[in-house]
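Below: final-v8.txt (compact mmCIF, N, CA and C atoms)
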# COMPACT_ATOMS: atom_id res chain seq x y z
N MET A 1 13.91 62.91 234.86
CA MET A 1 12.63 63.17 234.26
C MET A 1 12.23 64.61 234.54
N PHE A 2 11.62 65.23 233.57
CA PHE A 2 11.14 66.59 233.74
C PHE A 2 9.68 66.62 233.30
N GLY A 3 8.77 66.89 234.21
CA GLY A 3 7.34 66.94 233.90
C GLY A 3 6.91 68.32 233.47
N TYR A 4 5.93 68.37 232.59
CA TYR A 4 5.39 69.65 232.15
C TYR A 4 3.91 69.50 231.81
N ALA A 5 3.20 70.61 231.85
CA ALA A 5 1.77 70.66 231.52
C ALA A 5 1.57 71.57 230.32
N VAL A 6 0.64 71.18 229.44
CA VAL A 6 0.38 71.93 228.21
C VAL A 6 -1.11 72.24 228.12
N ARG A 7 -1.42 73.43 227.68
CA ARG A 7 -2.80 73.84 227.38
C ARG A 7 -2.81 74.38 225.96
N ILE A 8 -3.61 73.77 225.09
CA ILE A 8 -3.72 74.17 223.69
C ILE A 8 -5.11 74.76 223.50
N GLU A 9 -5.18 76.02 223.09
CA GLU A 9 -6.46 76.69 222.87
C GLU A 9 -6.70 76.88 221.39
N ASN A 10 -7.92 76.61 220.96
CA ASN A 10 -8.32 76.84 219.57
C ASN A 10 -9.02 78.20 219.52
N ILE A 11 -8.35 79.17 218.93
CA ILE A 11 -8.95 80.51 218.80
C ILE A 11 -9.47 80.74 217.38
N GLY A 12 -9.57 79.66 216.60
CA GLY A 12 -10.06 79.74 215.24
C GLY A 12 -11.58 79.62 215.16
N ALA A 13 -12.09 79.68 213.93
CA ALA A 13 -13.54 79.65 213.69
C ALA A 13 -14.10 78.24 213.61
N GLY A 14 -13.26 77.23 213.37
CA GLY A 14 -13.75 75.87 213.22
C GLY A 14 -12.96 74.89 214.07
N PRO A 15 -13.46 73.66 214.20
CA PRO A 15 -12.75 72.66 214.98
C PRO A 15 -11.45 72.22 214.30
N VAL A 16 -10.50 71.80 215.09
CA VAL A 16 -9.23 71.28 214.57
C VAL A 16 -8.88 70.00 215.31
N ARG A 17 -8.19 69.10 214.61
CA ARG A 17 -7.70 67.87 215.22
C ARG A 17 -6.19 67.96 215.34
N LEU A 18 -5.67 67.65 216.52
CA LEU A 18 -4.23 67.60 216.72
C LEU A 18 -3.75 66.27 216.14
N VAL A 19 -3.01 66.35 215.05
CA VAL A 19 -2.61 65.16 214.29
C VAL A 19 -1.28 64.60 214.77
N SER A 20 -0.28 65.48 214.97
CA SER A 20 1.04 64.99 215.35
C SER A 20 1.82 66.06 216.11
N ARG A 21 2.95 65.62 216.65
CA ARG A 21 3.82 66.53 217.40
C ARG A 21 5.26 66.29 217.01
N TYR A 22 6.05 67.33 217.22
CA TYR A 22 7.51 67.24 217.05
C TYR A 22 8.12 68.06 218.18
N TRP A 23 9.03 67.46 218.91
CA TRP A 23 9.77 68.16 219.97
C TRP A 23 11.27 68.00 219.73
N ARG A 24 11.99 69.07 219.96
CA ARG A 24 13.45 69.02 220.06
C ARG A 24 13.78 69.34 221.50
N ILE A 25 14.43 68.39 222.18
CA ILE A 25 14.79 68.54 223.58
C ILE A 25 16.31 68.66 223.65
N HIS A 26 16.78 69.72 224.24
CA HIS A 26 18.23 70.00 224.30
C HIS A 26 18.63 70.10 225.76
N ASP A 27 19.72 69.40 226.13
CA ASP A 27 20.23 69.55 227.50
C ASP A 27 21.54 70.34 227.48
N SER A 28 21.94 70.80 228.65
CA SER A 28 23.14 71.64 228.73
C SER A 28 24.43 70.86 228.52
N ASN A 29 24.35 69.54 228.36
CA ASN A 29 25.51 68.73 227.99
C ASN A 29 25.73 68.77 226.47
N GLY A 30 24.81 69.41 225.75
CA GLY A 30 24.94 69.51 224.30
C GLY A 30 24.22 68.42 223.53
N GLU A 31 23.46 67.59 224.23
CA GLU A 31 22.75 66.49 223.56
C GLU A 31 21.35 66.92 223.15
N ASP A 32 20.97 66.61 221.92
CA ASP A 32 19.63 66.87 221.41
C ASP A 32 18.89 65.55 221.23
N THR A 33 17.62 65.56 221.58
CA THR A 33 16.73 64.42 221.35
C THR A 33 15.53 64.93 220.58
N GLU A 34 15.14 64.21 219.53
CA GLU A 34 13.95 64.58 218.77
C GLU A 34 12.86 63.56 219.02
N VAL A 35 11.65 64.06 219.21
CA VAL A 35 10.49 63.21 219.44
C VAL A 35 9.45 63.54 218.39
N HIS A 36 9.04 62.54 217.62
CA HIS A 36 7.99 62.67 216.61
C HIS A 36 6.90 61.68 216.98
N GLY A 37 5.65 62.01 216.71
CA GLY A 37 4.61 61.03 216.96
C GLY A 37 3.23 61.52 216.64
N ASP A 38 2.30 60.58 216.59
CA ASP A 38 0.90 60.89 216.38
C ASP A 38 0.32 61.51 217.64
N GLY A 39 -0.46 62.56 217.48
CA GLY A 39 -1.18 63.15 218.59
C GLY A 39 -0.29 63.49 219.77
N VAL A 40 -0.91 63.49 220.95
CA VAL A 40 -0.19 63.72 222.21
C VAL A 40 -0.70 62.72 223.24
N VAL A 41 0.18 62.16 224.00
CA VAL A 41 -0.09 61.16 225.04
C VAL A 41 -1.17 60.16 224.61
N GLY A 42 -1.02 59.64 223.40
CA GLY A 42 -1.92 58.61 222.91
C GLY A 42 -3.27 59.10 222.40
N GLU A 43 -3.45 60.40 222.29
CA GLU A 43 -4.72 60.97 221.83
C GLU A 43 -4.50 61.85 220.61
N ARG A 44 -5.52 61.94 219.79
CA ARG A 44 -5.56 62.89 218.67
C ARG A 44 -6.83 63.72 218.86
N PRO A 45 -6.81 64.63 219.84
CA PRO A 45 -8.04 65.32 220.22
C PRO A 45 -8.56 66.29 219.15
N VAL A 46 -9.88 66.40 219.09
CA VAL A 46 -10.53 67.43 218.29
C VAL A 46 -10.85 68.56 219.26
N ILE A 47 -10.42 69.77 218.90
CA ILE A 47 -10.61 70.92 219.78
C ILE A 47 -11.59 71.87 219.09
N ALA A 48 -12.74 72.07 219.72
CA ALA A 48 -13.77 72.96 219.19
C ALA A 48 -13.31 74.41 219.29
N PRO A 49 -13.90 75.29 218.46
CA PRO A 49 -13.55 76.71 218.54
C PRO A 49 -13.75 77.25 219.96
N PHE A 50 -12.78 78.00 220.43
CA PHE A 50 -12.79 78.65 221.74
C PHE A 50 -12.83 77.65 222.90
N HIS A 51 -12.33 76.45 222.65
CA HIS A 51 -12.15 75.44 223.68
C HIS A 51 -10.66 75.09 223.75
N ALA A 52 -10.31 74.29 224.73
CA ALA A 52 -8.90 73.94 224.94
C ALA A 52 -8.75 72.45 225.23
N HIS A 53 -7.55 71.97 225.01
CA HIS A 53 -7.17 70.61 225.39
C HIS A 53 -5.94 70.73 226.28
N GLU A 54 -5.97 70.04 227.41
CA GLU A 54 -4.85 70.07 228.34
C GLU A 54 -4.32 68.66 228.54
N TYR A 55 -3.01 68.56 228.71
CA TYR A 55 -2.40 67.27 229.02
C TYR A 55 -1.10 67.50 229.76
N GLN A 56 -0.64 66.43 230.39
CA GLN A 56 0.64 66.45 231.09
C GLN A 56 1.53 65.38 230.48
N SER A 57 2.81 65.67 230.43
CA SER A 57 3.76 64.70 229.90
C SER A 57 5.11 64.92 230.59
N TYR A 58 6.12 64.28 230.06
CA TYR A 58 7.46 64.38 230.65
C TYR A 58 8.50 64.15 229.57
N CYS A 59 9.72 64.51 229.88
CA CYS A 59 10.85 64.19 229.02
C CYS A 59 12.04 63.84 229.91
N VAL A 60 12.99 63.15 229.32
CA VAL A 60 14.22 62.83 230.04
C VAL A 60 15.21 63.95 229.76
N LEU A 61 15.71 64.54 230.80
CA LEU A 61 16.70 65.61 230.69
C LEU A 61 17.95 65.13 231.42
N LYS A 62 19.07 65.03 230.70
CA LYS A 62 20.29 64.46 231.28
C LYS A 62 21.17 65.49 231.97
N SER A 63 20.65 66.69 232.15
CA SER A 63 21.37 67.74 232.86
C SER A 63 20.33 68.57 233.60
N PRO A 64 20.75 69.43 234.53
CA PRO A 64 19.77 70.19 235.30
C PRO A 64 19.09 71.32 234.52
N VAL A 65 19.65 71.68 233.36
CA VAL A 65 19.10 72.78 232.57
C VAL A 65 19.05 72.37 231.10
N GLY A 66 18.02 72.81 230.42
CA GLY A 66 17.89 72.56 228.99
C GLY A 66 16.75 73.36 228.42
N PHE A 67 16.30 72.96 227.24
CA PHE A 67 15.12 73.62 226.67
C PHE A 67 14.40 72.65 225.74
N MET A 68 13.17 73.01 225.44
CA MET A 68 12.36 72.29 224.46
C MET A 68 11.80 73.30 223.48
N GLU A 69 11.55 72.84 222.26
CA GLU A 69 10.86 73.64 221.24
C GLU A 69 10.30 72.65 220.23
N GLY A 70 9.33 73.09 219.45
CA GLY A 70 8.78 72.15 218.49
C GLY A 70 7.57 72.69 217.75
N ARG A 71 6.66 71.76 217.42
CA ARG A 71 5.45 72.16 216.71
C ARG A 71 4.39 71.07 216.84
N TYR A 72 3.15 71.50 216.75
CA TYR A 72 2.02 70.60 216.61
C TYR A 72 1.50 70.75 215.19
N THR A 73 1.08 69.65 214.58
CA THR A 73 0.42 69.70 213.29
C THR A 73 -1.07 69.41 213.51
N PHE A 74 -1.89 70.29 212.97
CA PHE A 74 -3.34 70.18 213.10
C PHE A 74 -3.97 69.99 211.73
N SER A 75 -5.18 69.41 211.71
CA SER A 75 -5.95 69.34 210.47
C SER A 75 -7.31 70.01 210.71
N ARG A 76 -7.79 70.66 209.68
CA ARG A 76 -9.12 71.26 209.72
C ARG A 76 -10.13 70.28 209.13
N THR A 77 -11.41 70.56 209.31
CA THR A 77 -12.48 69.72 208.78
C THR A 77 -12.34 69.55 207.27
N GLU A 78 -11.89 70.60 206.58
CA GLU A 78 -11.73 70.56 205.13
C GLU A 78 -10.56 69.68 204.70
N GLY A 79 -9.74 69.27 205.65
CA GLY A 79 -8.63 68.38 205.34
C GLY A 79 -7.28 69.05 205.25
N ASP A 80 -7.25 70.39 205.16
CA ASP A 80 -5.94 71.04 205.08
C ASP A 80 -5.26 71.00 206.45
N ARG A 81 -3.94 71.02 206.42
CA ARG A 81 -3.14 70.95 207.64
C ARG A 81 -2.35 72.23 207.85
N PHE A 82 -2.02 72.48 209.09
CA PHE A 82 -1.18 73.62 209.42
C PHE A 82 -0.38 73.29 210.68
N ASP A 83 0.75 73.96 210.82
CA ASP A 83 1.61 73.78 211.99
C ASP A 83 1.45 74.95 212.95
N ALA A 84 1.46 74.65 214.21
CA ALA A 84 1.53 75.65 215.27
C ALA A 84 2.91 75.51 215.90
N VAL A 85 3.73 76.52 215.74
CA VAL A 85 5.11 76.49 216.25
C VAL A 85 5.09 76.72 217.76
N ILE A 86 5.85 75.92 218.47
CA ILE A 86 6.00 76.06 219.92
C ILE A 86 7.36 76.68 220.17
N PRO A 87 7.38 77.94 220.60
CA PRO A 87 8.67 78.60 220.83
C PRO A 87 9.47 77.90 221.92
N ARG A 88 10.75 78.10 221.87
CA ARG A 88 11.67 77.52 222.85
C ARG A 88 11.28 77.95 224.26
N PHE A 89 11.27 76.98 225.17
CA PHE A 89 11.07 77.31 226.58
C PHE A 89 12.08 76.53 227.40
N LYS A 90 12.48 77.15 228.50
CA LYS A 90 13.56 76.64 229.33
C LYS A 90 13.06 75.55 230.27
N LEU A 91 13.89 74.54 230.45
CA LEU A 91 13.69 73.50 231.46
C LEU A 91 14.78 73.68 232.50
N ASP A 92 14.40 73.83 233.74
CA ASP A 92 15.38 74.09 234.79
C ASP A 92 14.93 73.41 236.07
N THR A 93 15.70 72.45 236.52
CA THR A 93 15.34 71.71 237.74
C THR A 93 15.62 72.51 239.00
N GLY A 94 16.39 73.58 238.87
CA GLY A 94 16.75 74.36 240.05
C GLY A 94 17.90 73.76 240.83
N THR A 95 18.44 72.65 240.32
CA THR A 95 19.58 71.97 240.95
C THR A 95 20.87 72.46 240.32
N PRO A 96 21.85 72.88 241.13
CA PRO A 96 23.11 73.33 240.56
C PRO A 96 23.81 72.22 239.78
N ALA A 97 24.45 72.59 238.70
CA ALA A 97 25.20 71.62 237.89
C ALA A 97 26.44 71.16 238.67
N SER A 98 26.86 69.94 238.45
CA SER A 98 28.08 69.42 239.09
C SER A 98 29.30 70.10 238.50
N PRO A 99 30.34 70.30 239.31
CA PRO A 99 31.56 70.95 238.79
C PRO A 99 32.29 70.09 237.78
Write-out of the structure in structure tokens:
Amino acid sequence: MFGYAVRIENIGAGPVRLVSRYWRIHDSNGEDTEVHGDGVVGERPVIAPFHAHEYQSYCVLKSPVGFMEGRYTFSRTEGDRFDAVIPRFKLDTGTPASP
């Protein structure tokens, strides 16, 4: 298991609702796992302008090193949707890989 914390800030002019998420989790064994779902950790938070939403979650990583990348889909009050791309970030347990 690999735990991580996320802080999402709304720097826009109006409130947004976090509708869904997509994660691609890659381990150094070459295995990819995709995670799709509504909201985050069972919530679909509304984030007011210049406010933030924080949560903690985890993923299963079958090797000591890997990465995650993905996107959040948000909706505005007017109903239009947009994606916020989450750039790739490294997961590293600090444990040496087995020979």
Any idea what's packed within 8 Å of region 30-39 of chain A, counting only C-alpha atoms, ignoring anything in its chain fewer than 4 positions away? Could you give it as a PDB file with N, CA and C atoms, keeping the file's coordinate frame?
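Contents of around39.pdb, as written:
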ATOM      1  N   LEU A  18      -5.670  67.650 216.520  1.00  0.00           N
ATOM      2  CA  LEU A  18      -4.230  67.600 216.720  1.00  0.00           C
ATOM      3  C   LEU A  18      -3.750  66.270 216.140  1.00  0.00           C
ATOM      4  N   VAL A  19      -3.010  66.350 215.050  1.00  0.00           N
ATOM      5  CA  VAL A  19      -2.610  65.160 214.290  1.00  0.00           C
ATOM      6  C   VAL A  19      -1.280  64.600 214.770  1.00  0.00           C
ATOM      7  N   SER A  20      -0.280  65.480 214.970  1.00  0.00           N
ATOM      8  CA  SER A  20       1.040  64.990 215.350  1.00  0.00           C
ATOM      9  C   SER A  20       1.820  66.060 216.110  1.00  0.00           C
ATOM     10  N   ARG A  21       2.950  65.620 216.650  1.00  0.00           N
ATOM     11  CA  ARG A  21       3.820  66.530 217.400  1.00  0.00           C
ATOM     12  C   ARG A  21       5.260  66.290 217.010  1.00  0.00           C
ATOM     13  N   TYR A  22       6.050  67.330 217.220  1.00  0.00           N
ATOM     14  CA  TYR A  22       7.510  67.240 217.050  1.00  0.00           C
ATOM     15  C   TYR A  22       8.120  68.060 218.180  1.00  0.00           C
ATOM     16  N   TRP A  23       9.030  67.460 218.910  1.00  0.00           N
ATOM     17  CA  TRP A  23       9.770  68.160 219.970  1.00  0.00           C
ATOM     18  C   TRP A  23      11.270  68.000 219.730  1.00  0.00           C
ATOM     19  N   ARG A  24      11.990  69.070 219.960  1.00  0.00           N
ATOM     20  CA  ARG A  24      13.450  69.020 220.060  1.00  0.00           C
ATOM     21  C   ARG A  24      13.780  69.340 221.500  1.00  0.00           C
ATOM     22  N   ILE A  25      14.430  68.390 222.180  1.00  0.00           N
ATOM     23  CA  ILE A  25      14.790  68.540 223.580  1.00  0.00           C
ATOM     24  C   ILE A  25      16.310  68.660 223.650  1.00  0.00           C
ATOM     25  N   HIS A  26      16.780  69.720 224.240  1.00  0.00           N
ATOM     26  CA  HIS A  26      18.230  70.000 224.300  1.00  0.00           C
ATOM     27  C   HIS A  26      18.630  70.100 225.760  1.00  0.00           C
ATOM     28  N   GLU A  43      -3.450  60.400 222.290  1.00  0.00           N
ATOM     29  CA  GLU A  43      -4.720  60.970 221.830  1.00  0.00           C
ATOM     30  C   GLU A  43      -4.500  61.850 220.610  1.00  0.00           C
ATOM     31  N   ARG A  44      -5.520  61.940 219.790  1.00  0.00           N
ATOM     32  CA  ARG A  44      -5.560  62.890 218.670  1.00  0.00           C
ATOM     33  C   ARG A  44      -6.830  63.720 218.860  1.00  0.00           C
ATOM     34  N   PRO A  45      -6.810  64.630 219.840  1.00  0.00           N
ATOM     35  CA  PRO A  45      -8.040  65.320 220.220  1.00  0.00           C
ATOM     36  C   PRO A  45      -8.560  66.290 219.150  1.00  0.00           C
TER      37      PRO A  45
END
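When all atoms listed in the file are used to compute distances to Asn29 (chain A), the closest of the residues A:Gly79, A:Gly66, A:Gly14, A:Gly94 turns out to be A:Gly66.
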Coordinates of box centre and edge lengths for region 2-6 of chain A, 6 Å on every side, axis-aligned, as AutoDock Vina command-line options:
--center_x 5.3 --center_y 68.7 --center_z 231.2 --size_x 24.7 --size_y 19.0 --size_z 18.1
Restricting to only C-alpha atoms, whichever of A:Ile8, A:Val85, A:Ala13, A:Leu91 is closest to Gln56 (chain A) is A:Ile8
**Report entry** Separation of atom N of Ser28 (chain A) from CA of Val65 (chain A) in Å
**Finding:**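 Separation of CA of Val65 (chain A) and atom N of Ser28 (chain A): 5.2 Å.
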Leaving out Ala5 (chain A) and any residue of its chain fewer than 6 positions from it, which residues lie within 8 Å of it when counting only C-alpha atoms, given as a PDB file with N, CA and C atoms, in the frame of the given file?
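This is the output file out10.pdb:
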ATOM      1  N   GLU A  54      -5.970  70.040 227.410  1.00  0.00           N
ATOM      2  CA  GLU A  54      -4.850  70.070 228.340  1.00  0.00           C
ATOM      3  C   GLU A  54      -4.320  68.660 228.540  1.00  0.00           C
ATOM      4  N   TYR A  55      -3.010  68.560 228.710  1.00  0.00           N
ATOM      5  CA  TYR A  55      -2.400  67.270 229.020  1.00  0.00           C
ATOM      6  C   TYR A  55      -1.100  67.500 229.760  1.00  0.00           C
ATOM      7  N   GLN A  56      -0.640  66.430 230.390  1.00  0.00           N
ATOM      8  CA  GLN A  56       0.640  66.450 231.090  1.00  0.00           C
ATOM      9  C   GLN A  56       1.530  65.380 230.480  1.00  0.00           C
ATOM     10  N   SER A  57       2.810  65.670 230.430  1.00  0.00           N
ATOM     11  CA  SER A  57       3.760  64.700 229.900  1.00  0.00           C
ATOM     12  C   SER A  57       5.110  64.920 230.590  1.00  0.00           C
TER      13      SER A  57
END
Just the number, please: distance in Å from CA of His51 (chain A) to atom C of Phe2 (chain A), one decimal.
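Separation between CA of His51 (chain A) and atom C of Phe2 (chain A): 25.4 Å.
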CA of Arg7 (chain A) sits from atom C of Thr77 (chain A) at a separation of 22.7 Å
Taking (-10.1, 68.5, 218.0) in the file's own coordinates, collect the residues within 5 Å, counting all atoms listed in the file, and hand them back as a list in words.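 Residues satisfying the cut-off, written out: Val16, Arg17, Leu18, Pro45, Val46, Ile47 and Ala48 of chain A.
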Among the residues of region 14-90 of chain A, find those DSSP assigns to strand (DSSP E) from the backbone and print them as a ChimeraX atom specification. /A:16-27,32-38,46-47,52-59,65-76,81-90
